[in-house]
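Participant: Dropping the structure in here first, questions after.
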Amino acid sequence: MNKQDNLYQHAKFSGLEFNTRRHFLKDCRTGIGMMALGSLMDSCNIFSDKSDASSLSNPLAPKAPHFQGKAKSVIFLHMAGAPSQLELFDYKPELQKMDGLDCPDSFIQGKKFAFIRGVPKLLGPQAQFKQYGESGIWLSDNLPHFTKVIDDVTVLKAVHTDQFNHAPAQLLMHTGTARLGRPSMGAWATYGLGSENNNLPGFVVLTSGGKNPDAGKSVWGSGFLPSVYQGVHCRSEGDPVLFLKDPNGFDRDMRKSSIEAINKVNELSYQEYKDPEILSRISQYEMAFKMQVAVPDVMTIADEPAYIHEMYGTSQGQSSFANNALLARKLVEKGVRFVQLFDWGWDSHGTGPVEALDKGFIDKCHRTDKVITALLMDLKQRGLLEDTLVVWGGEFGRTPMQENRDGKQNKFKGRDHHSEAFSMWMAGGGIKGGFTYGETDPIGYNAIEGKVSVYDIQATILNQLGFDHEQLTYQFQGRPFRLTDVFGKVIDPIIA
Amino acid sequence: MIIELIGKLHPVLVHLPIGIFLIAIAMEFIGRTKRFSHLQMSIEFILIIGVITGAFSLITGYLLSLDGSNDSDSVNLHKWVAIASILMFAAYYFFRKHVIHKKTIQTVALILLLIMITLTGHLGGSLTHGEGYLTAAFDKKDDKSEIASVAKFEKIEDAKLYEDVVLHTITEKCVQCHGANRQKGMLRLDGKERMLKGGKNGDVIDLKNPENSEILKRLLLELNDDHHMPPKDKNQLSEDELVILTWWLRNGAEFDKKIALYNKDQKIEKALNTFHQKIKSETKIEVIREKIAAIPPSTLSKLEKSGWVISPLSSKDNYVRVVGFNLEVPLNSALEGLKQIKSNIVELKFSFKKISDSNILVLKDFKNLEKLWLDHTMITDKSLKLMNEFQKLTYLNVSHTAVTSKGIEQLNPNSMIKKIYAYNTGIQKTELTTMSKRMPQTSFFTASDSMDVVPSDTLFVKK
């Protein structure tokens, strides 16, 4: 040992002599404190309840709502493109008298429209109205069948939104914000209640009309919720879900053991990384395996009797709204929580015959009126309507003025996007029948009574499922999020 | 903002001068003995500190009074008594050496000061805690407020106008200041007798001419009027509540009459309806069921493994809805398993199961069943007799089964079942009237009316 080392040793020992009992106690105190802090700050969500994320249990297992809800499932019929309330539900005889007059300044001053420029002309209702049912609700002749079920329906005549373009308005309607990234209503419902049939997805989406909604798949996305709650978009033509059949030479047992092996690996990596998305993946593998049997059974309308096909007006083998509606009934019957139907083609601007209120629009009405009526009747006769909430609506309404794109009168009768007041309806699931709520001014421009917002609609839907919309939250990025953000009030008068 | 914050410090700060002055008084008395005579030296210092902190309390108190949330009369009284007390203490400081040198005069002065400081403190306390806070223990006997209870009526017609409607509004909007905790103007409105007794300014309800009652006058005064009730910054009565209250007074201010016995015009109907809606949404009228023990987790997981999906109906009780679309074990043992949770089951869905008449006998003791789905099963008329066992059953679905009207005849005619769904069964539409006649409380549903063919069905507009 050379001298240098010796010196070093000596310094070290004399240094240690200063390490008294006091130092030891001091170190212990801060040390233990740090350890405690460390375990507290395990993740960023210091205060969140982690029990649900860390268990390997089924994310779709049934969960208790806040109170007993009247509805167990929801069918949301979204008429994408926004149908004109003035040709369907909101009867405005005054507007007829003012047909062709310039729109008063007070209505358009400071307002922004999607296409209307300058001073547009008012456009009277392009349909005949009559009162129907015991309740005497006004309906247009575009809904000849619907008149039969009007006594089961509550029409909301003064809904308003704050978006006047399709994509943001659709996002607002389904996710509670006009921007991307939030979970959709169906995702919230399945997150809150779980599923009653673990062989099927809890949230199914069906589209018709030849085009997906403008807002894209985000309107049935799961946002920051685990992706197991996202809507499953089924094809309405051909196989509803692709690749359900096992390849040749691959039998069910082999499929089972391979999925089990994959899930085993996934479980191990979950234990290592604790990423909740791995849990979603595990349950999705499991569900896919079960769906191979269950889906071909449910997602076909071939086994329905002829009179049901006739009732809905289905066209087998093709993609149609009627087929989707019939499927919606079948899915709800089998315990699916939320069925979302999108039917595109209601954007009646009047730029061409397809978009004309007296041509293409009527065609659209004919193709859906019978279907929707059949759906309500069918749900009712099967005893499903009382715990299935059916909601109908577009993303906004249409102006009482005729559209004048770029200041020139459009060739056909059409209306521009309108956010101030439009009509929606709800039926079943504990909602009053034969009731209207809300009123618009004599030309149908503004809501003057019973004005409800999109958030109110969402709050009401959640309420019927048994949720206080202010309490159904999800902790994300350090704060609890909810579907209705900071808005929304349950529309009590329409609840039976 | 800052002013408000400083004002809010008042309730904390006031304890300083009170405590300091009390100590000063105590030291004056104790200092008279020989043993503690040295205390005399400190008294002047303590009095100075007391006056300074007292001044601060006055300032903060004044700032607090600016928000006007309290009755200005009592605030004023408290303020002037407080100022007087502090001035008297200051005066005592200056004169204790010269004028007040006789023991008797000093004693009188000290007792006076003690009374002043106690009074100030008491008045302040009444402001924060409400009048009568101190003496609440003594008059507890008849202090129980008659406040509106949870709605006991299904239809608004069955409600009592005073007890269920008017009292509800009063409880919500008036009793905060005219109730057990505070009695502003010596008035209490939480109950019939107290209301009739009136307050400092006389009767609030004039039984001879109710429409001329003080309560109504006060409510109808302009918002900015000093005598308007409720005070400007408090929660006001809604239009509908005012309509109902006026209507009640106009009809003689009766305390026990049901709404059904009054004549109503459209405006009243509307107001009553709005009120009813409000009550309904406040209380979220729910089915009230007996309390019951939760399902043990081991039982639950065992049943779930056998394929039952058991959903809690709400997070408030332990009743469940049971659905079994995908059973993993033979039907018999699956059904047998349900017996363990029979009293928890309120809704039971057997749809699409191969359940026969003999299987269903398992349900015999499921006394709490309210909704039962037997649609798309193999049951026949035999099973319907069992339905009479379920006293709480309100919904029965036998669609797509071999049930006929013979089976329905076995049901108790006074059955509680409200709805029976019998679509696609042996029951004919023509039999419905006889069935409804026999069971007047039950509605029957079979196939919906077929849809008429309308021209638009085949006619598509060319694009």
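In the structure tokens, the first chain shown is A, the next is B, and so on; residue numbers restart at 1 for each chain, and ligands run from 1 in the order shown.
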Please report as a short mmCIF file (atom, residue, chain, number, x, y, z; two decimals) with C-alpha atoms, in the first residue's frame which residues of chain A come no farther than 9 Å from chain B, using only C-alpha atoms.
Facilitator:
```cif
data_model
loop_
_atom_site.label_atom_id
_atom_site.label_comp_id
_atom_site.auth_asym_id
_atom_site.auth_seq_id
_atom_site.Cartn_x
_atom_site.Cartn_y
_atom_site.Cartn_z
CA ALA A 61 -68.20 -6.34 -17.42
CA PRO A 62 -71.51 -4.83 -16.27
CA LYS A 63 -71.21 -1.83 -13.99
CA ALA A 64 -73.68 -0.02 -11.78
CA PRO A 65 -75.13 3.25 -13.07
CA HIS A 66 -75.68 6.09 -10.61
CA PHE A 67 -79.40 5.39 -10.37
CA GLN A 68 -81.79 2.99 -12.01
CA GLY A 69 -82.04 4.05 -15.64
CA ASN A 142 -93.16 13.58 -46.28
CA PRO A 144 -96.90 9.34 -44.24
CA HIS A 145 -96.01 6.28 -42.14
CA LYS A 148 -98.92 6.18 -37.06
CA LEU A 193 -72.57 0.32 -18.13
CA GLY A 194 -70.51 -2.43 -19.72
CA SER A 195 -72.09 -4.95 -22.04
CA GLU A 196 -74.82 -7.53 -21.51
CA ASN A 197 -73.58 -9.83 -24.20
CA ASN A 198 -69.88 -10.58 -24.07
CA ASN A 199 -69.93 -12.24 -27.47
CA MET A 311 -92.44 -4.13 -42.92
CA GLY A 313 -88.73 -2.61 -46.78
CA GLU A 333 -82.54 -7.64 -28.80
CA LYS A 334 -79.26 -9.44 -28.18
CA GLY A 335 -78.05 -7.00 -25.55
CA GLY A 352 -78.79 19.97 -57.92
CA PRO A 353 -81.84 17.70 -58.09
CA VAL A 354 -80.44 15.30 -55.47
CA LYS A 359 -86.89 16.10 -55.34
CA GLY A 360 -83.96 14.35 -53.68
CA ILE A 362 -88.51 13.68 -50.74
CA ASP A 363 -86.77 10.61 -52.05
CA HIS A 366 -89.52 7.94 -48.68
CA ARG A 367 -86.52 5.71 -48.17
CA LYS A 370 -91.28 3.53 -43.55
CA THR A 373 -91.82 3.62 -38.45
CA ALA A 374 -91.26 -0.11 -38.81
CA MET A 377 -93.42 -0.58 -34.25
CA ASP A 378 -91.21 -3.62 -34.18
CA LYS A 380 -92.83 -1.85 -29.42
CA GLN A 381 -94.46 -5.16 -30.29
CA ARG A 382 -91.49 -7.05 -28.93
CA GLY A 383 -91.58 -5.14 -25.66
CA GLY A 466 -79.06 5.94 -15.30
CA VAL A 490 -81.44 17.07 -18.43
CA ASP A 492 -86.96 16.96 -17.53
CA PRO A 493 -90.29 17.91 -19.16
#
```
Participant: Fewer than 4 positions away in the same chain doesn't count, so skip those; otherwise give me all residues within 12 Å of Phe94 in chain B, counting only C-alpha atoms, as a ChimeraX atom specification.
Facilitator: /B:44,47-48,51,87-90,98-101
Participant: May I have the selected residues written with N, CA, C and O atoms, as a compact mmCIF listing (two decimals), in the first residue's frame?
Facilitator:
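What ended up in part37.txt:
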```txt
# COMPACT_ATOMS: atom_id res chain seq x y z
N GLU B 44 -51.55 49.08 31.57
CA GLU B 44 -51.59 50.15 30.57
C GLU B 44 -51.17 49.64 29.20
O GLU B 44 -51.81 49.91 28.19
N LEU B 47 -53.86 47.57 27.67
CA LEU B 47 -54.97 48.38 27.17
C LEU B 47 -54.64 49.01 25.83
O LEU B 47 -55.47 49.04 24.91
N ILE B 48 -53.37 49.48 25.67
CA ILE B 48 -52.99 50.07 24.38
C ILE B 48 -53.10 49.04 23.27
O ILE B 48 -53.70 49.28 22.22
N VAL B 51 -56.70 48.47 22.40
CA VAL B 51 -57.34 49.52 21.60
C VAL B 51 -56.86 49.43 20.14
O VAL B 51 -57.65 49.56 19.21
N LEU B 87 -64.07 53.03 22.43
CA LEU B 87 -63.89 54.38 22.96
C LEU B 87 -63.87 54.38 24.49
O LEU B 87 -63.07 55.06 25.13
N MET B 88 -64.76 53.57 25.08
CA MET B 88 -64.81 53.51 26.54
C MET B 88 -63.52 52.93 27.12
O MET B 88 -63.03 53.39 28.15
N PHE B 89 -62.99 51.95 26.44
CA PHE B 89 -61.72 51.38 26.91
C PHE B 89 -60.59 52.42 26.81
O PHE B 89 -59.76 52.56 27.70
N ALA B 90 -60.62 53.16 25.67
CA ALA B 90 -59.61 54.20 25.49
C ALA B 90 -59.74 55.25 26.61
O ALA B 90 -58.74 55.65 27.23
N HIS B 98 -56.17 59.14 37.09
CA HIS B 98 -56.58 60.38 37.72
C HIS B 98 -57.99 60.33 38.26
O HIS B 98 -58.20 60.44 39.46
N VAL B 99 -58.95 60.15 37.38
CA VAL B 99 -60.34 60.24 37.83
C VAL B 99 -60.76 58.98 38.59
O VAL B 99 -61.29 59.04 39.70
N ILE B 100 -60.45 57.83 37.96
CA ILE B 100 -60.95 56.59 38.54
C ILE B 100 -59.93 56.05 39.52
O ILE B 100 -59.32 55.01 39.29
N HIS B 101 -59.71 56.74 40.61
CA HIS B 101 -58.74 56.18 41.53
C HIS B 101 -59.41 55.50 42.71
O HIS B 101 -58.84 54.70 43.39
```
Participant: Using only C-alpha atoms, which of A:Ala496, A:Met34, A:Leu357, A:Val339 sits nearest Gln126 in chain A?
Facilitator: A:Leu357
Participant: Counting only C-alpha atoms, which of B:Glu214, B:Glu290, B:Glu431, B:Glu389 gets nearest to Thr404 in chain B?
Facilitator: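 Distance minimum relative to Thr404 in chain B lands on B:Glu431.
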Participant: Quick one: residues within 8 Å of Thr380 in chain B, only C-alpha atoms counted, chain neighbours fewer than 6 positions away excluded, as a list in words?
Facilitator: Ser356, Asp357, Thr401, Ala402, Val403, Thr404 and Gly407 of chain B
Participant: Using only C-alpha atoms, determine which residues lie at most 7 Å from Ile244 in chain B, disregarding the query and same-chain residues fewer than 4 positions distant; provide the list as JSON, numbers by chain.
Facilitator: {"B": [240, 248, 268, 271]}
Participant: If you run DSSP on this backbone, which residues of range 84-319 of chain B come out as strand (DSSP E), and could you give them as a VMD selection string?
Facilitator: chain B and resid 309 to 312
Participant: Considering only C-alpha atoms, return as a ChimeraX atom specification whatever protein or nucleic-acid residues lie within 12 Å of range 474-484 of chain A, sequence-local ones (same chain, fewer than 2 positions apart) excluded.
Facilitator: /A:43-50,52-53,171-178,181-189,191-192,222-226,453-463,467-472,486-490
Participant: Would you save the residues of that selection, restricted to C-alpha atoms, as a short mmCIF file (atom, residue, chain, number, x, y, z; two decimals), in the first residue's frame?
Facilitator:
```cif
data_model
loop_
_atom_site.label_atom_id
_atom_site.label_comp_id
_atom_site.auth_asym_id
_atom_site.auth_seq_id
_atom_site.Cartn_x
_atom_site.Cartn_y
_atom_site.Cartn_z
CA SER A 43 -47.78 7.94 -11.69
CA CYS A 44 -48.93 11.45 -12.53
CA ASN A 45 -52.42 10.64 -11.32
CA ILE A 46 -51.62 10.79 -7.66
CA PHE A 47 -55.22 10.84 -6.59
CA SER A 48 -56.81 8.66 -9.21
CA ASP A 49 -58.31 5.31 -8.45
CA LYS A 50 -56.07 2.91 -10.23
CA ASP A 52 -59.81 -0.45 -12.55
CA ALA A 53 -56.79 -0.05 -14.79
CA LEU A 171 -68.43 15.79 -33.60
CA LEU A 172 -70.23 18.08 -31.20
CA MET A 173 -73.36 15.96 -31.36
CA HIS A 174 -71.56 12.71 -30.65
CA THR A 175 -68.50 13.61 -28.63
CA GLY A 176 -69.49 16.86 -26.90
CA THR A 177 -66.87 18.98 -28.61
CA ALA A 178 -66.37 20.27 -32.12
CA GLY A 181 -60.16 13.54 -29.63
CA ARG A 182 -63.04 13.03 -27.25
CA PRO A 183 -64.92 9.77 -26.71
CA SER A 184 -68.28 9.41 -28.40
CA MET A 185 -71.59 8.96 -26.63
CA GLY A 186 -71.71 5.24 -27.37
CA ALA A 187 -68.22 4.84 -25.94
CA TRP A 188 -69.25 6.66 -22.76
CA ALA A 189 -72.36 4.48 -22.46
CA TYR A 191 -67.70 2.53 -20.52
CA GLY A 192 -70.32 3.35 -17.89
CA SER A 222 -63.24 6.14 -27.96
CA GLY A 223 -61.00 9.20 -27.55
CA PHE A 224 -59.01 8.86 -24.37
CA LEU A 225 -61.17 6.00 -23.09
CA PRO A 226 -59.63 2.55 -23.53
CA SER A 453 -78.66 22.46 -26.63
CA VAL A 454 -76.81 19.47 -27.98
CA TYR A 455 -75.37 19.03 -24.48
CA ASP A 456 -78.90 18.85 -23.07
CA ILE A 457 -79.66 16.04 -25.51
CA GLN A 458 -76.53 14.19 -24.38
CA ALA A 459 -77.33 14.78 -20.70
CA THR A 460 -80.84 13.43 -21.26
CA ILE A 461 -79.60 10.31 -23.04
CA LEU A 462 -77.17 9.59 -20.21
CA ASN A 463 -79.90 10.30 -17.67
CA PHE A 467 -76.20 8.42 -15.23
CA ASP A 468 -75.77 11.83 -13.76
CA HIS A 469 -73.93 13.35 -16.71
CA GLU A 470 -71.85 15.44 -14.34
CA GLN A 471 -70.61 12.39 -12.50
CA LEU A 472 -69.78 10.09 -15.40
CA VAL A 486 -69.20 21.97 -18.42
CA PHE A 487 -72.65 22.24 -19.99
CA GLY A 488 -75.85 20.27 -20.26
CA LYS A 489 -79.08 20.03 -18.35
CA VAL A 490 -81.44 17.07 -18.43
#
```
Participant: Using DSSP assignments from the backbone, pull out every residue in range 231-351 of chain A that falls under helix (DSSP H, G or I) and give it to me as a PyMOL selection string.
Facilitator: chain A and resi 252-273+276-298+306-312+321-333
Participant: Just write the chosen residues, C-alpha atoms, as an mmCIF file, in the first residue's frame.
Facilitator:
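Here's the written file again.cif:
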```
data_model
loop_
_atom_site.group_PDB
_atom_site.id
_atom_site.type_symbol
_atom_site.label_atom_id
_atom_site.label_comp_id
_atom_site.auth_asym_id
_atom_site.auth_seq_id
_atom_site.Cartn_x
_atom_site.Cartn_y
_atom_site.Cartn_z
ATOM 1 C CA ARG A 252 -61.504 -23.802 -33.966
ATOM 2 C CA ASP A 253 -59.304 -25.501 -31.359
ATOM 3 C CA MET A 254 -56.162 -24.349 -33.081
ATOM 4 C CA ARG A 255 -57.552 -20.817 -33.237
ATOM 5 C CA LYS A 256 -58.344 -21.022 -29.561
ATOM 6 C CA SER A 257 -54.905 -22.173 -28.526
ATOM 7 C CA SER A 258 -53.194 -19.572 -30.688
ATOM 8 C CA ILE A 259 -55.290 -16.781 -29.178
ATOM 9 C CA GLU A 260 -54.586 -18.114 -25.711
ATOM 10 C CA ALA A 261 -50.868 -18.071 -26.451
ATOM 11 C CA ILE A 262 -51.001 -14.500 -27.735
ATOM 12 C CA ASN A 263 -52.954 -13.376 -24.712
ATOM 13 C CA LYS A 264 -50.492 -15.054 -22.389
ATOM 14 C CA VAL A 265 -47.689 -13.019 -23.926
ATOM 15 C CA ASN A 266 -49.814 -9.897 -23.724
ATOM 16 C CA GLU A 267 -50.569 -10.514 -20.081
ATOM 17 C CA LEU A 268 -46.863 -10.791 -19.339
ATOM 18 C CA SER A 269 -46.139 -7.546 -21.087
ATOM 19 C CA TYR A 270 -49.036 -5.917 -19.264
ATOM 20 C CA GLN A 271 -47.515 -6.970 -15.979
ATOM 21 C CA GLU A 272 -44.276 -5.394 -17.081
ATOM 22 C CA TYR A 273 -45.546 -2.102 -18.554
ATOM 23 C CA PRO A 276 -54.121 -0.305 -20.154
ATOM 24 C CA GLU A 277 -54.171 -0.559 -23.940
ATOM 25 C CA ILE A 278 -52.682 -4.040 -23.594
ATOM 26 C CA LEU A 279 -55.767 -5.004 -21.593
ATOM 27 C CA SER A 280 -57.936 -3.681 -24.395
ATOM 28 C CA ARG A 281 -56.001 -5.792 -26.857
ATOM 29 C CA ILE A 282 -56.411 -8.922 -24.739
ATOM 30 C CA SER A 283 -60.152 -8.487 -24.446
ATOM 31 C CA GLN A 284 -60.417 -7.681 -28.142
ATOM 32 C CA TYR A 285 -58.711 -10.960 -29.030
ATOM 33 C CA GLU A 286 -61.086 -12.776 -26.749
ATOM 34 C CA MET A 287 -64.085 -11.010 -28.187
ATOM 35 C CA ALA A 288 -62.946 -11.593 -31.766
ATOM 36 C CA PHE A 289 -62.786 -15.289 -31.002
ATOM 37 C CA LYS A 290 -66.329 -15.296 -29.633
ATOM 38 C CA MET A 291 -67.602 -13.025 -32.392
ATOM 39 C CA GLN A 292 -66.610 -15.624 -34.959
ATOM 40 C CA VAL A 293 -69.597 -17.611 -33.726
ATOM 41 C CA ALA A 294 -71.977 -14.923 -32.582
ATOM 42 C CA VAL A 295 -71.714 -12.334 -35.327
ATOM 43 C CA PRO A 296 -72.779 -14.368 -38.360
ATOM 44 C CA ASP A 297 -75.817 -15.295 -36.308
ATOM 45 C CA VAL A 298 -76.874 -11.781 -35.347
ATOM 46 C CA ALA A 306 -90.902 -12.305 -44.911
ATOM 47 C CA TYR A 307 -93.436 -10.024 -43.240
ATOM 48 C CA ILE A 308 -90.675 -8.368 -41.231
ATOM 49 C CA HIS A 309 -88.706 -7.741 -44.416
ATOM 50 C CA GLU A 310 -91.798 -6.283 -45.964
ATOM 51 C CA MET A 311 -92.441 -4.131 -42.923
ATOM 52 C CA TYR A 312 -88.980 -2.573 -43.012
ATOM 53 C CA PHE A 321 -80.837 2.084 -44.260
ATOM 54 C CA ALA A 322 -83.677 -0.423 -43.947
ATOM 55 C CA ASN A 323 -81.265 -3.321 -43.513
ATOM 56 C CA ASN A 324 -79.356 -1.347 -40.922
ATOM 57 C CA ALA A 325 -82.495 -0.528 -38.963
ATOM 58 C CA LEU A 326 -83.526 -4.151 -38.884
ATOM 59 C CA LEU A 327 -80.014 -5.094 -37.751
ATOM 60 C CA ALA A 328 -80.222 -2.431 -35.063
ATOM 61 C CA ARG A 329 -83.317 -4.095 -33.658
ATOM 62 C CA LYS A 330 -81.644 -7.493 -33.742
ATOM 63 C CA LEU A 331 -78.559 -6.167 -31.992
ATOM 64 C CA VAL A 332 -80.535 -4.470 -29.251
ATOM 65 C CA GLU A 333 -82.538 -7.641 -28.798
#
```
Participant: Measure the distance from CA of Ser213 in chain B to CA of Glu254 in chain B in Å and round it to one decimal.
Facilitator: 13.5 Å
Participant: Compile the contact shell of Ile205 in chain B as a PyMOL selection string: residues with an atom at most 9 Å away, counting only C-alpha atoms, same-chain residues fewer than 4 positions apart removed.
Facilitator: chain B and resi 195-198+209-216+249+253
Participant: Excluding same-chain residues fewer than 4 positions from Met79 in chain A, what lies within 9 Å of it counting only C-alpha atoms, as a JSON list (two decimals) with C-alpha atoms, in the first residue's frame?
Facilitator:
```json
[["chain", "number", "residue", "atom", "x", "y", "z"],
["A", 83, "PRO", "CA", -82.56, 17.15, -42.78],
["A", 341, "LEU", "CA", -76.86, 4.48, -37.50],
["A", 342, "PHE", "CA", -75.66, 7.07, -39.96],
["A", 343, "ASP", "CA", -77.61, 7.73, -43.10],
["A", 344, "TRP", "CA", -75.95, 10.18, -45.45],
["A", 345, "GLY", "CA", -77.69, 12.35, -48.05],
["A", 346, "TRP", "CA", -79.78, 14.97, -46.23],
["A", 392, "TRP", "CA", -83.43, 10.78, -34.36],
["A", 393, "GLY", "CA", -81.78, 13.91, -35.65],
["A", 394, "GLY", "CA", -79.26, 15.62, -37.88],
["A", 395, "GLU", "CA", -76.23, 17.59, -36.79]]
```
Participant: Calculate how many Å separate CA of Leu393 in chain B from CA of Ile417 in chain B, rounding to one decimal.
Facilitator: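 If I compute the distance from CA of Leu393 in chain B to CA of Ile417 in chain B, I get 5.5 Å.
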